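To start, the structure under review is shown below, and the notes come after it.
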Amino acid sequence: MEAENNTEQIEFLSKKIIEEPNNSDNYLKLASIYMVQNNHDLAIKTYENLLDIEPSNYIALTNLGSLYISKNNYHKAINYYSRAASIGVDNFNVLFNLANAYAVVGEFKHAMSNYIKALNVDKNNYQVYTAIALLYQDKNNYEEALIYFDKALKLNPNYAENYVNIGLILYKTNKLLEAIENFEKAYKLSPENIIYLLHCANTYSSLKNYEKSNELYEKALSLNKNNYQSYICYAISLYNQNNIDKAIEMYNKAILICPDIINAYLLLGNLYCSLRKYEDAIENYKKVLERQPANADVYVLLGNAYAVCGDLRSAISVYKQAIDIQPDNDELKLVYIDVIQEFINAKENSDAK
């Protein structure tokens with residue numbers, strides 16, 4: 001019944017627009033129906049038609065900004081949000097969304113300028129302080145990032161993600177015990193979040209406190225036996241503990257859960273290379289390439305494995321495939337030439353005998 005009513009309304013409003021092309025209300029009503037139907041393309045077309053007759057229609061400009069954000073077209077979103085902001089209405093959402101769009105496209109100064117304008121409208125909004133902190137974090141300005149994360153937490157001390165953000169910065173700057181404190185605060189606030197628990201486990205592992213890290217990895221697995229990342233993190237830690245058999249077991253369990261994700265195959269291939277089990281490494285690298293046939297880095301790893309185990313012909317073929325993908329990689333070309341020369345020398349020595 002609702003669908004029938006919407007269809008009737010669409011037909012009615014479409015006719016009204018033809019009859020009264022300068023009546024903005026008809027465009028807005030029609031676009032709102034399309035929005036309810038999630039027919040974003042027709043909503044965009046309707047709002048843009050409205051702007052042809054009324055270029056400063058605030059509702060059309062702001063809704064177009066939101067629609068283009070949803071389509072990940074940030075440059076068009078910036079265009080419409082900027083036009084809305086220029087009208088002189090200090091709308092927090094417009095300024096905040098405009099700043100977010102600028103941040104996504106890497107326009108630091110414009111993003112910061114609009115975040116500050118958003119704070120002038122709502123100085124107690126922790127989301128803006130968080131966004132500014134993330135902006136500084138992206139620029140590797142960790143000192144300023146920590147200042148703004150702290151401001152955000154003073155406004156909302158129950159926002160677990162900001163403890164994680166602080167913890168990640170502290171981890172990068174090798175302040176591991178402080179990092180753990182923040183990861184643990186986040187986990188206490190969101191005990192259902194396994195990623196927070198893994199951050200704690202990974203940091204304990206970096207501290208070589210393997211008894212504690214293993215306890216937390218096992219806890220993560222008990223909470224969700226199908227969490228791919230838990231197996232990957234645990235496997236990496238187990239390898240560092242020289243518990244190779246169990247590390248391999250964890251990688252294989254990850255593969256069973258998500259056979260189309262490459263991380264486990266790649267890490268398992270690297271592990272086998274470190275053990276000089278090159279046939280097993282080659283098998284796993286090939287599985288990566290089945291899923292990502294244009295991954296030049298993995299072709300190089302595969303070529304290296306062939307070269308080390310003496311299969312120079314296969315190594316040459318694989319390196320050539322990597323060069324086809326990255327024709328401007330001069331370093332790779334030098335490796336390719338070296339292996340060809342090694343192959344020629346080996347053949348000449350064999351013929352001489």
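Chain lettering (A, B, ...) mirrors the order of the structure tokens, residue numbering begins at 1 for each chain separately, and ligand numbering begins at 1 in order of display.
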
Exercise. Got a sec: who's within 10 Å of Val335 (chain A), counting only C-alpha atoms, leaving out chain neighbours fewer than 3 positions off, as a PyMOL selection string?
Worked result: chain A and resi 300+303-304+316+319+330-332+338-341

Dump as an mmCIF file, in the first residue's frame, selection limited to N, CA and C atoms:
data_model
loop_
_atom_site.group_PDB
_atom_site.id
_atom_site.type_symbol
_atom_site.label_atom_id
_atom_site.label_comp_id
_atom_site.auth_asym_id
_atom_site.auth_seq_id
_atom_site.Cartn_x
_atom_site.Cartn_y
_atom_site.Cartn_z
ATOM 1 N N VAL A 300 57.446 -11.478 -6.670
ATOM 2 C CA VAL A 300 58.850 -11.370 -6.264
ATOM 3 C C VAL A 300 59.173 -12.388 -5.180
ATOM 4 N N GLY A 303 59.324 -15.689 -6.838
ATOM 5 C CA GLY A 303 60.569 -15.788 -7.593
ATOM 6 C C GLY A 303 61.759 -16.024 -6.694
ATOM 7 N N ASN A 304 61.797 -15.341 -5.554
ATOM 8 C CA ASN A 304 62.893 -15.539 -4.597
ATOM 9 C C ASN A 304 62.940 -16.977 -4.103
ATOM 10 N N ILE A 316 62.948 -16.996 -13.205
ATOM 11 C CA ILE A 316 62.990 -16.020 -14.305
ATOM 12 C C ILE A 316 61.581 -15.729 -14.814
ATOM 13 N N TYR A 319 59.693 -13.614 -12.127
ATOM 14 C CA TYR A 319 60.175 -12.231 -12.076
ATOM 15 C C TYR A 319 59.679 -11.439 -13.285
ATOM 16 N N ASP A 330 63.038 -0.508 -11.482
ATOM 17 C CA ASP A 330 64.414 -0.768 -11.922
ATOM 18 C C ASP A 330 65.127 -1.780 -11.022
ATOM 19 N N GLU A 331 64.828 -1.743 -9.739
ATOM 20 C CA GLU A 331 65.454 -2.695 -8.810
ATOM 21 C C GLU A 331 65.066 -4.130 -9.168
ATOM 22 N N LEU A 332 63.804 -4.309 -9.494
ATOM 23 C CA LEU A 332 63.329 -5.633 -9.884
ATOM 24 C C LEU A 332 63.994 -6.090 -11.186
ATOM 25 N N ASP A 338 70.192 -10.419 -12.995
ATOM 26 C CA ASP A 338 71.140 -11.237 -12.213
ATOM 27 C C ASP A 338 70.769 -12.715 -12.273
ATOM 28 N N VAL A 339 69.479 -13.004 -12.160
ATOM 29 C CA VAL A 339 69.039 -14.406 -12.169
ATOM 30 C C VAL A 339 69.231 -15.003 -13.565
ATOM 31 N N ILE A 340 68.959 -14.216 -14.596
ATOM 32 C CA ILE A 340 69.197 -14.708 -15.966
ATOM 33 C C ILE A 340 70.675 -15.049 -16.153
ATOM 34 N N GLN A 341 71.544 -14.144 -15.663
ATOM 35 C CA GLN A 341 72.980 -14.396 -15.793
ATOM 36 C C GLN A 341 73.388 -15.651 -15.012
#

Problem set entry | Residues near Tyr251 (chain A), cut-off 12 Å, only C-alpha atoms, skip fewer than 5 positions along chain, as a VMD selection string | chain A and resid 228 to 239 244 to 246 256 to 259 261 to 272 284

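In this comparison, which uses only C-alpha atoms, the residue of A:Leu207, A:Arg313, A:Leu64, A:Ile132 approaching Phe96 (chain A) most closely is A:Ile132.
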
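You can rank A:Thr173, A:Gln127, A:Ser56, A:Asn22 by their closest distance to Asn156 (chain A) using only C-alpha atoms, and at the top of that list sits A:Gln127.
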
Step one, run DSSP on the backbone; step two, keep only residues of region 154-351 of chain A assigned to helix (DSSP H, G or I); then write them as a PDB file with C-alpha atoms, in the first residue's frame.
ATOM      1  CA  LYS A 154      37.226  14.783  28.872  1.00  0.00           C
ATOM      2  CA  LEU A 155      33.966  15.488  27.071  1.00  0.00           C
ATOM      3  CA  ALA A 160      36.205   3.485  23.995  1.00  0.00           C
ATOM      4  CA  GLU A 161      37.621   4.070  20.519  1.00  0.00           C
ATOM      5  CA  ASN A 162      39.596   7.094  21.701  1.00  0.00           C
ATOM      6  CA  TYR A 163      41.429   5.031  24.311  1.00  0.00           C
ATOM      7  CA  VAL A 164      42.354   2.724  21.444  1.00  0.00           C
ATOM      8  CA  ASN A 165      43.495   5.672  19.330  1.00  0.00           C
ATOM      9  CA  ILE A 166      45.720   6.872  22.153  1.00  0.00           C
ATOM     10  CA  GLY A 167      46.965   3.336  22.740  1.00  0.00           C
ATOM     11  CA  LEU A 168      47.961   2.953  19.090  1.00  0.00           C
ATOM     12  CA  ILE A 169      49.990   6.172  19.184  1.00  0.00           C
ATOM     13  CA  LEU A 170      51.698   5.088  22.396  1.00  0.00           C
ATOM     14  CA  TYR A 171      52.429   1.702  20.810  1.00  0.00           C
ATOM     15  CA  LYS A 172      53.999   3.374  17.756  1.00  0.00           C
ATOM     16  CA  LEU A 176      54.027  -0.053  25.513  1.00  0.00           C
ATOM     17  CA  LEU A 177      52.940  -0.123  29.167  1.00  0.00           C
ATOM     18  CA  GLU A 178      50.963   3.103  28.706  1.00  0.00           C
ATOM     19  CA  ALA A 179      49.491   1.666  25.532  1.00  0.00           C
ATOM     20  CA  ILE A 180      48.263  -1.390  27.438  1.00  0.00           C
ATOM     21  CA  GLU A 181      46.584   0.849  30.039  1.00  0.00           C
ATOM     22  CA  ASN A 182      44.565   2.541  27.314  1.00  0.00           C
ATOM     23  CA  PHE A 183      43.713  -0.680  25.465  1.00  0.00           C
ATOM     24  CA  GLU A 184      42.498  -2.168  28.746  1.00  0.00           C
ATOM     25  CA  LYS A 185      40.325   0.881  29.435  1.00  0.00           C
ATOM     26  CA  ALA A 186      38.759   0.472  26.006  1.00  0.00           C
ATOM     27  CA  TYR A 187      38.133  -3.229  26.565  1.00  0.00           C
ATOM     28  CA  LYS A 188      36.512  -2.600  29.952  1.00  0.00           C
ATOM     29  CA  LEU A 189      34.104  -0.191  28.264  1.00  0.00           C
ATOM     30  CA  ILE A 194      37.602  -8.632  20.398  1.00  0.00           C
ATOM     31  CA  ILE A 195      39.804  -6.164  18.492  1.00  0.00           C
ATOM     32  CA  TYR A 196      40.404  -4.210  21.711  1.00  0.00           C
ATOM     33  CA  LEU A 197      41.400  -7.451  23.417  1.00  0.00           C
ATOM     34  CA  LEU A 198      43.775  -8.269  20.557  1.00  0.00           C
ATOM     35  CA  HIS A 199      45.441  -4.865  20.904  1.00  0.00           C
ATOM     36  CA  CYS A 200      46.187  -5.762  24.528  1.00  0.00           C
ATOM     37  CA  ALA A 201      47.468  -9.203  23.567  1.00  0.00           C
ATOM     38  CA  ASN A 202      49.672  -7.859  20.764  1.00  0.00           C
ATOM     39  CA  THR A 203      51.248  -5.297  23.079  1.00  0.00           C
ATOM     40  CA  TYR A 204      51.977  -7.881  25.774  1.00  0.00           C
ATOM     41  CA  SER A 205      53.529 -10.008  23.035  1.00  0.00           C
ATOM     42  CA  SER A 206      55.735  -7.072  21.985  1.00  0.00           C
ATOM     43  CA  TYR A 210      53.987 -14.320  26.353  1.00  0.00           C
ATOM     44  CA  GLU A 211      52.187 -15.865  29.306  1.00  0.00           C
ATOM     45  CA  LYS A 212      49.841 -12.876  29.437  1.00  0.00           C
ATOM     46  CA  SER A 213      49.564 -12.457  25.657  1.00  0.00           C
ATOM     47  CA  ASN A 214      48.714 -16.136  25.134  1.00  0.00           C
ATOM     48  CA  GLU A 215      46.090 -15.937  27.854  1.00  0.00           C
ATOM     49  CA  LEU A 216      44.446 -13.022  26.035  1.00  0.00           C
ATOM     50  CA  TYR A 217      44.680 -14.666  22.598  1.00  0.00           C
ATOM     51  CA  GLU A 218      43.007 -17.787  24.013  1.00  0.00           C
ATOM     52  CA  LYS A 219      40.332 -15.594  25.597  1.00  0.00           C
ATOM     53  CA  ALA A 220      39.693 -13.916  22.230  1.00  0.00           C
ATOM     54  CA  LEU A 221      39.299 -17.312  20.575  1.00  0.00           C
ATOM     55  CA  SER A 222      36.933 -18.477  23.312  1.00  0.00           C
ATOM     56  CA  LEU A 223      34.761 -15.411  22.687  1.00  0.00           C
ATOM     57  CA  TYR A 228      40.056 -14.443  11.501  1.00  0.00           C
ATOM     58  CA  GLN A 229      42.210 -11.696  13.021  1.00  0.00           C
ATOM     59  CA  SER A 230      42.543 -13.558  16.333  1.00  0.00           C
ATOM     60  CA  TYR A 231      44.203 -16.509  14.606  1.00  0.00           C
ATOM     61  CA  ILE A 232      46.517 -14.254  12.584  1.00  0.00           C
ATOM     62  CA  CYS A 233      47.681 -12.248  15.615  1.00  0.00           C
ATOM     63  CA  TYR A 234      48.132 -15.378  17.709  1.00  0.00           C
ATOM     64  CA  ALA A 235      50.112 -17.067  14.936  1.00  0.00           C
ATOM     65  CA  ILE A 236      52.503 -14.123  14.592  1.00  0.00           C
ATOM     66  CA  SER A 237      53.102 -14.112  18.331  1.00  0.00           C
ATOM     67  CA  LEU A 238      53.600 -17.886  18.422  1.00  0.00           C
ATOM     68  CA  TYR A 239      56.197 -17.630  15.657  1.00  0.00           C
ATOM     69  CA  ASN A 240      58.067 -15.026  17.715  1.00  0.00           C
ATOM     70  CA  ILE A 244      56.312 -23.002  15.033  1.00  0.00           C
ATOM     71  CA  ASP A 245      53.913 -25.939  14.925  1.00  0.00           C
ATOM     72  CA  LYS A 246      51.188 -24.072  16.761  1.00  0.00           C
ATOM     73  CA  ALA A 247      51.759 -20.964  14.634  1.00  0.00           C
ATOM     74  CA  ILE A 248      51.207 -23.055  11.494  1.00  0.00           C
ATOM     75  CA  GLU A 249      48.084 -24.519  13.080  1.00  0.00           C
ATOM     76  CA  MET A 250      46.696 -21.020  13.725  1.00  0.00           C
ATOM     77  CA  TYR A 251      47.381 -19.890  10.153  1.00  0.00           C
ATOM     78  CA  ASN A 252      45.636 -22.964   8.787  1.00  0.00           C
ATOM     79  CA  LYS A 253      42.616 -22.330  11.010  1.00  0.00           C
ATOM     80  CA  ALA A 254      42.472 -18.768   9.709  1.00  0.00           C
ATOM     81  CA  ILE A 255      42.501 -20.128   6.154  1.00  0.00           C
ATOM     82  CA  LEU A 256      39.617 -22.478   6.942  1.00  0.00           C
ATOM     83  CA  ILE A 257      37.562 -19.542   8.227  1.00  0.00           C
ATOM     84  CA  ASN A 263      47.113 -12.639   4.794  1.00  0.00           C
ATOM     85  CA  ALA A 264      47.344 -16.151   6.195  1.00  0.00           C
ATOM     86  CA  TYR A 265      48.733 -17.636   2.960  1.00  0.00           C
ATOM     87  CA  LEU A 266      51.288 -14.845   2.684  1.00  0.00           C
ATOM     88  CA  LEU A 267      52.441 -15.045   6.290  1.00  0.00           C
ATOM     89  CA  LEU A 268      52.508 -18.832   6.137  1.00  0.00           C
ATOM     90  CA  GLY A 269      54.600 -18.651   2.981  1.00  0.00           C
ATOM     91  CA  ASN A 270      57.061 -16.329   4.720  1.00  0.00           C
ATOM     92  CA  LEU A 271      57.181 -18.671   7.704  1.00  0.00           C
ATOM     93  CA  TYR A 272      57.998 -21.651   5.500  1.00  0.00           C
ATOM     94  CA  CYS A 273      60.730 -19.625   3.774  1.00  0.00           C
ATOM     95  CA  SER A 274      62.305 -18.899   7.162  1.00  0.00           C
ATOM     96  CA  TYR A 278      60.530 -23.650  -0.009  1.00  0.00           C
ATOM     97  CA  GLU A 279      58.052 -26.026  -1.642  1.00  0.00           C
ATOM     98  CA  ASP A 280      55.499 -25.236   1.064  1.00  0.00           C
ATOM     99  CA  ALA A 281      56.275 -21.532   0.722  1.00  0.00           C
ATOM    100  CA  ILE A 282      55.789 -21.686  -3.045  1.00  0.00           C
ATOM    101  CA  GLU A 283      52.450 -23.426  -2.618  1.00  0.00           C
ATOM    102  CA  ASN A 284      51.181 -20.648  -0.343  1.00  0.00           C
ATOM    103  CA  TYR A 285      52.481 -17.814  -2.524  1.00  0.00           C
ATOM    104  CA  LYS A 286      50.679 -19.410  -5.480  1.00  0.00           C
ATOM    105  CA  LYS A 287      47.460 -19.404  -3.463  1.00  0.00           C
ATOM    106  CA  VAL A 288      47.893 -15.676  -2.874  1.00  0.00           C
ATOM    107  CA  LEU A 289      48.349 -15.105  -6.609  1.00  0.00           C
ATOM    108  CA  GLU A 290      45.239 -17.139  -7.408  1.00  0.00           C
ATOM    109  CA  ARG A 291      43.346 -14.518  -5.420  1.00  0.00           C
ATOM    110  CA  ALA A 296      53.807  -7.873  -8.062  1.00  0.00           C
ATOM    111  CA  ASP A 297      55.289  -8.119  -4.554  1.00  0.00           C
ATOM    112  CA  VAL A 298      54.103 -11.701  -4.200  1.00  0.00           C
ATOM    113  CA  TYR A 299      55.515 -12.624  -7.609  1.00  0.00           C
ATOM    114  CA  VAL A 300      58.850 -11.370  -6.264  1.00  0.00           C
ATOM    115  CA  LEU A 301      58.514 -13.503  -3.139  1.00  0.00           C
ATOM    116  CA  LEU A 302      57.611 -16.497  -5.291  1.00  0.00           C
ATOM    117  CA  GLY A 303      60.569 -15.788  -7.593  1.00  0.00           C
ATOM    118  CA  ASN A 304      62.893 -15.539  -4.597  1.00  0.00           C
ATOM    119  CA  ALA A 305      61.680 -18.895  -3.318  1.00  0.00           C
ATOM    120  CA  TYR A 306      62.266 -20.527  -6.710  1.00  0.00           C
ATOM    121  CA  ALA A 307      65.724 -18.932  -6.960  1.00  0.00           C
ATOM    122  CA  VAL A 308      66.825 -20.050  -3.493  1.00  0.00           C
ATOM    123  CA  LEU A 312      66.128 -20.602 -11.877  1.00  0.00           C
ATOM    124  CA  ARG A 313      63.954 -21.168 -14.933  1.00  0.00           C
ATOM    125  CA  SER A 314      60.779 -20.773 -12.856  1.00  0.00           C
ATOM    126  CA  ALA A 315      62.293 -17.810 -11.001  1.00  0.00           C
ATOM    127  CA  ILE A 316      62.990 -16.020 -14.305  1.00  0.00           C
ATOM    128  CA  SER A 317      59.439 -16.618 -15.503  1.00  0.00           C
ATOM    129  CA  VAL A 318      57.945 -15.305 -12.265  1.00  0.00           C
ATOM    130  CA  TYR A 319      60.175 -12.231 -12.076  1.00  0.00           C
ATOM    131  CA  LYS A 320      59.153 -11.436 -15.666  1.00  0.00           C
ATOM    132  CA  GLN A 321      55.500 -11.504 -14.603  1.00  0.00           C
ATOM    133  CA  ALA A 322      56.322  -9.073 -11.775  1.00  0.00           C
ATOM    134  CA  ILE A 323      58.079  -6.736 -14.241  1.00  0.00           C
ATOM    135  CA  ASP A 324      55.047  -6.854 -16.548  1.00  0.00           C
ATOM    136  CA  ILE A 325      52.988  -5.532 -13.636  1.00  0.00           C
ATOM    137  CA  ASP A 330      64.414  -0.768 -11.922  1.00  0.00           C
ATOM    138  CA  GLU A 331      65.454  -2.695  -8.810  1.00  0.00           C
ATOM    139  CA  LEU A 332      63.329  -5.633  -9.884  1.00  0.00           C
ATOM    140  CA  LYS A 333      64.841  -5.499 -13.373  1.00  0.00           C
ATOM    141  CA  LEU A 334      68.346  -5.782 -11.863  1.00  0.00           C
ATOM    142  CA  VAL A 335      67.294  -8.870  -9.886  1.00  0.00           C
ATOM    143  CA  TYR A 336      65.806 -10.328 -13.077  1.00  0.00           C
ATOM    144  CA  ILE A 337      69.035  -9.722 -15.022  1.00  0.00           C
ATOM    145  CA  ASP A 338      71.140 -11.237 -12.213  1.00  0.00           C
ATOM    146  CA  VAL A 339      69.039 -14.406 -12.169  1.00  0.00           C
ATOM    147  CA  ILE A 340      69.197 -14.708 -15.966  1.00  0.00           C
ATOM    148  CA  GLN A 341      72.980 -14.396 -15.793  1.00  0.00           C
ATOM    149  CA  GLU A 342      73.100 -17.002 -13.027  1.00  0.00           C
ATOM    150  CA  PHE A 343      70.975 -19.316 -15.168  1.00  0.00           C
ATOM    151  CA  ILE A 344      73.285 -18.809 -18.185  1.00  0.00           C
ATOM    152  CA  ASN A 345      76.369 -19.487 -16.067  1.00  0.00           C
ATOM    153  CA  ALA A 346      74.832 -22.633 -14.616  1.00  0.00           C
ATOM    154  CA  LYS A 347      73.912 -23.897 -18.088  1.00  0.00           C
ATOM    155  CA  GLU A 348      77.407 -23.178 -19.438  1.00  0.00           C
ATOM    156  CA  ASN A 349      78.994 -25.021 -16.537  1.00  0.00           C
ATOM    157  CA  SER A 350      76.638 -27.954 -17.090  1.00  0.00           C
ATOM    158  CA  ASP A 351      77.447 -28.071 -20.817  1.00  0.00           C
TER     159      ASP A 351
END

Exercise. Near Leu51 (chain A), counting only C-alpha atoms, which residues have an atom at most 10 Å away, once you skip same-chain residues fewer than 6 positions from it, shown as a VMD selection string?
Worked result: chain A and resid 24 27 45 57 to 58 60 to 61

Could you please take those selected residues and save N, CA and C atoms as an mmCIF file, in the first residue's frame?
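The resulting again-v8.cif:
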data_model
loop_
_atom_site.group_PDB
_atom_site.id
_atom_site.type_symbol
_atom_site.label_atom_id
_atom_site.label_comp_id
_atom_site.auth_asym_id
_atom_site.auth_seq_id
_atom_site.Cartn_x
_atom_site.Cartn_y
_atom_site.Cartn_z
ATOM 1 N N SER A 24 9.584 25.360 -5.590
ATOM 2 C CA SER A 24 10.626 24.508 -4.985
ATOM 3 C C SER A 24 10.050 23.400 -4.110
ATOM 4 N N TYR A 27 9.744 19.983 -5.806
ATOM 5 C CA TYR A 27 11.025 19.284 -5.959
ATOM 6 C C TYR A 27 11.455 18.633 -4.637
ATOM 7 N N LYS A 45 19.202 13.828 -8.885
ATOM 8 C CA LYS A 45 18.735 14.512 -10.109
ATOM 9 C C LYS A 45 17.681 15.554 -9.775
ATOM 10 N N ASN A 57 19.218 27.033 -2.711
ATOM 11 C CA ASN A 57 18.279 26.285 -1.863
ATOM 12 C C ASN A 57 19.076 25.449 -0.858
ATOM 13 N N TYR A 58 18.957 25.823 0.401
ATOM 14 C CA TYR A 58 19.818 25.255 1.455
ATOM 15 C C TYR A 58 19.569 23.762 1.643
ATOM 16 N N ALA A 60 18.429 21.569 -0.541
ATOM 17 C CA ALA A 60 18.974 20.825 -1.685
ATOM 18 C C ALA A 60 20.491 20.718 -1.588
ATOM 19 N N LEU A 61 21.144 21.812 -1.231
ATOM 20 C CA LEU A 61 22.607 21.812 -1.147
ATOM 21 C C LEU A 61 23.106 20.848 -0.069
#

For this session: Rank nothing, just name the residue among A:Ser190, A:Asn23, A:Asn114, A:Asn100 nearest to Ser86 (chain A), using only C-alpha atoms.
Result: A:Asn114

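All residues of protein, DNA or RNA that reach within 7 Å of Tyr74 (chain A), judged by only C-alpha atoms and not counting those fewer than 5 positions away in the chain, are A:Tyr68, A:Ile69, A:Ala101.
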
For this session: Work out how far CA of His75 (chain A) is from CA of Asp25 (chain A), in Å to one decimal.
Result: 27.3 Å

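With distances restricted to only C-alpha atoms, A:Leu95 is the closest residue to Asp122 (chain A) from A:Val36, A:Val104, A:Leu95, A:Ile53.
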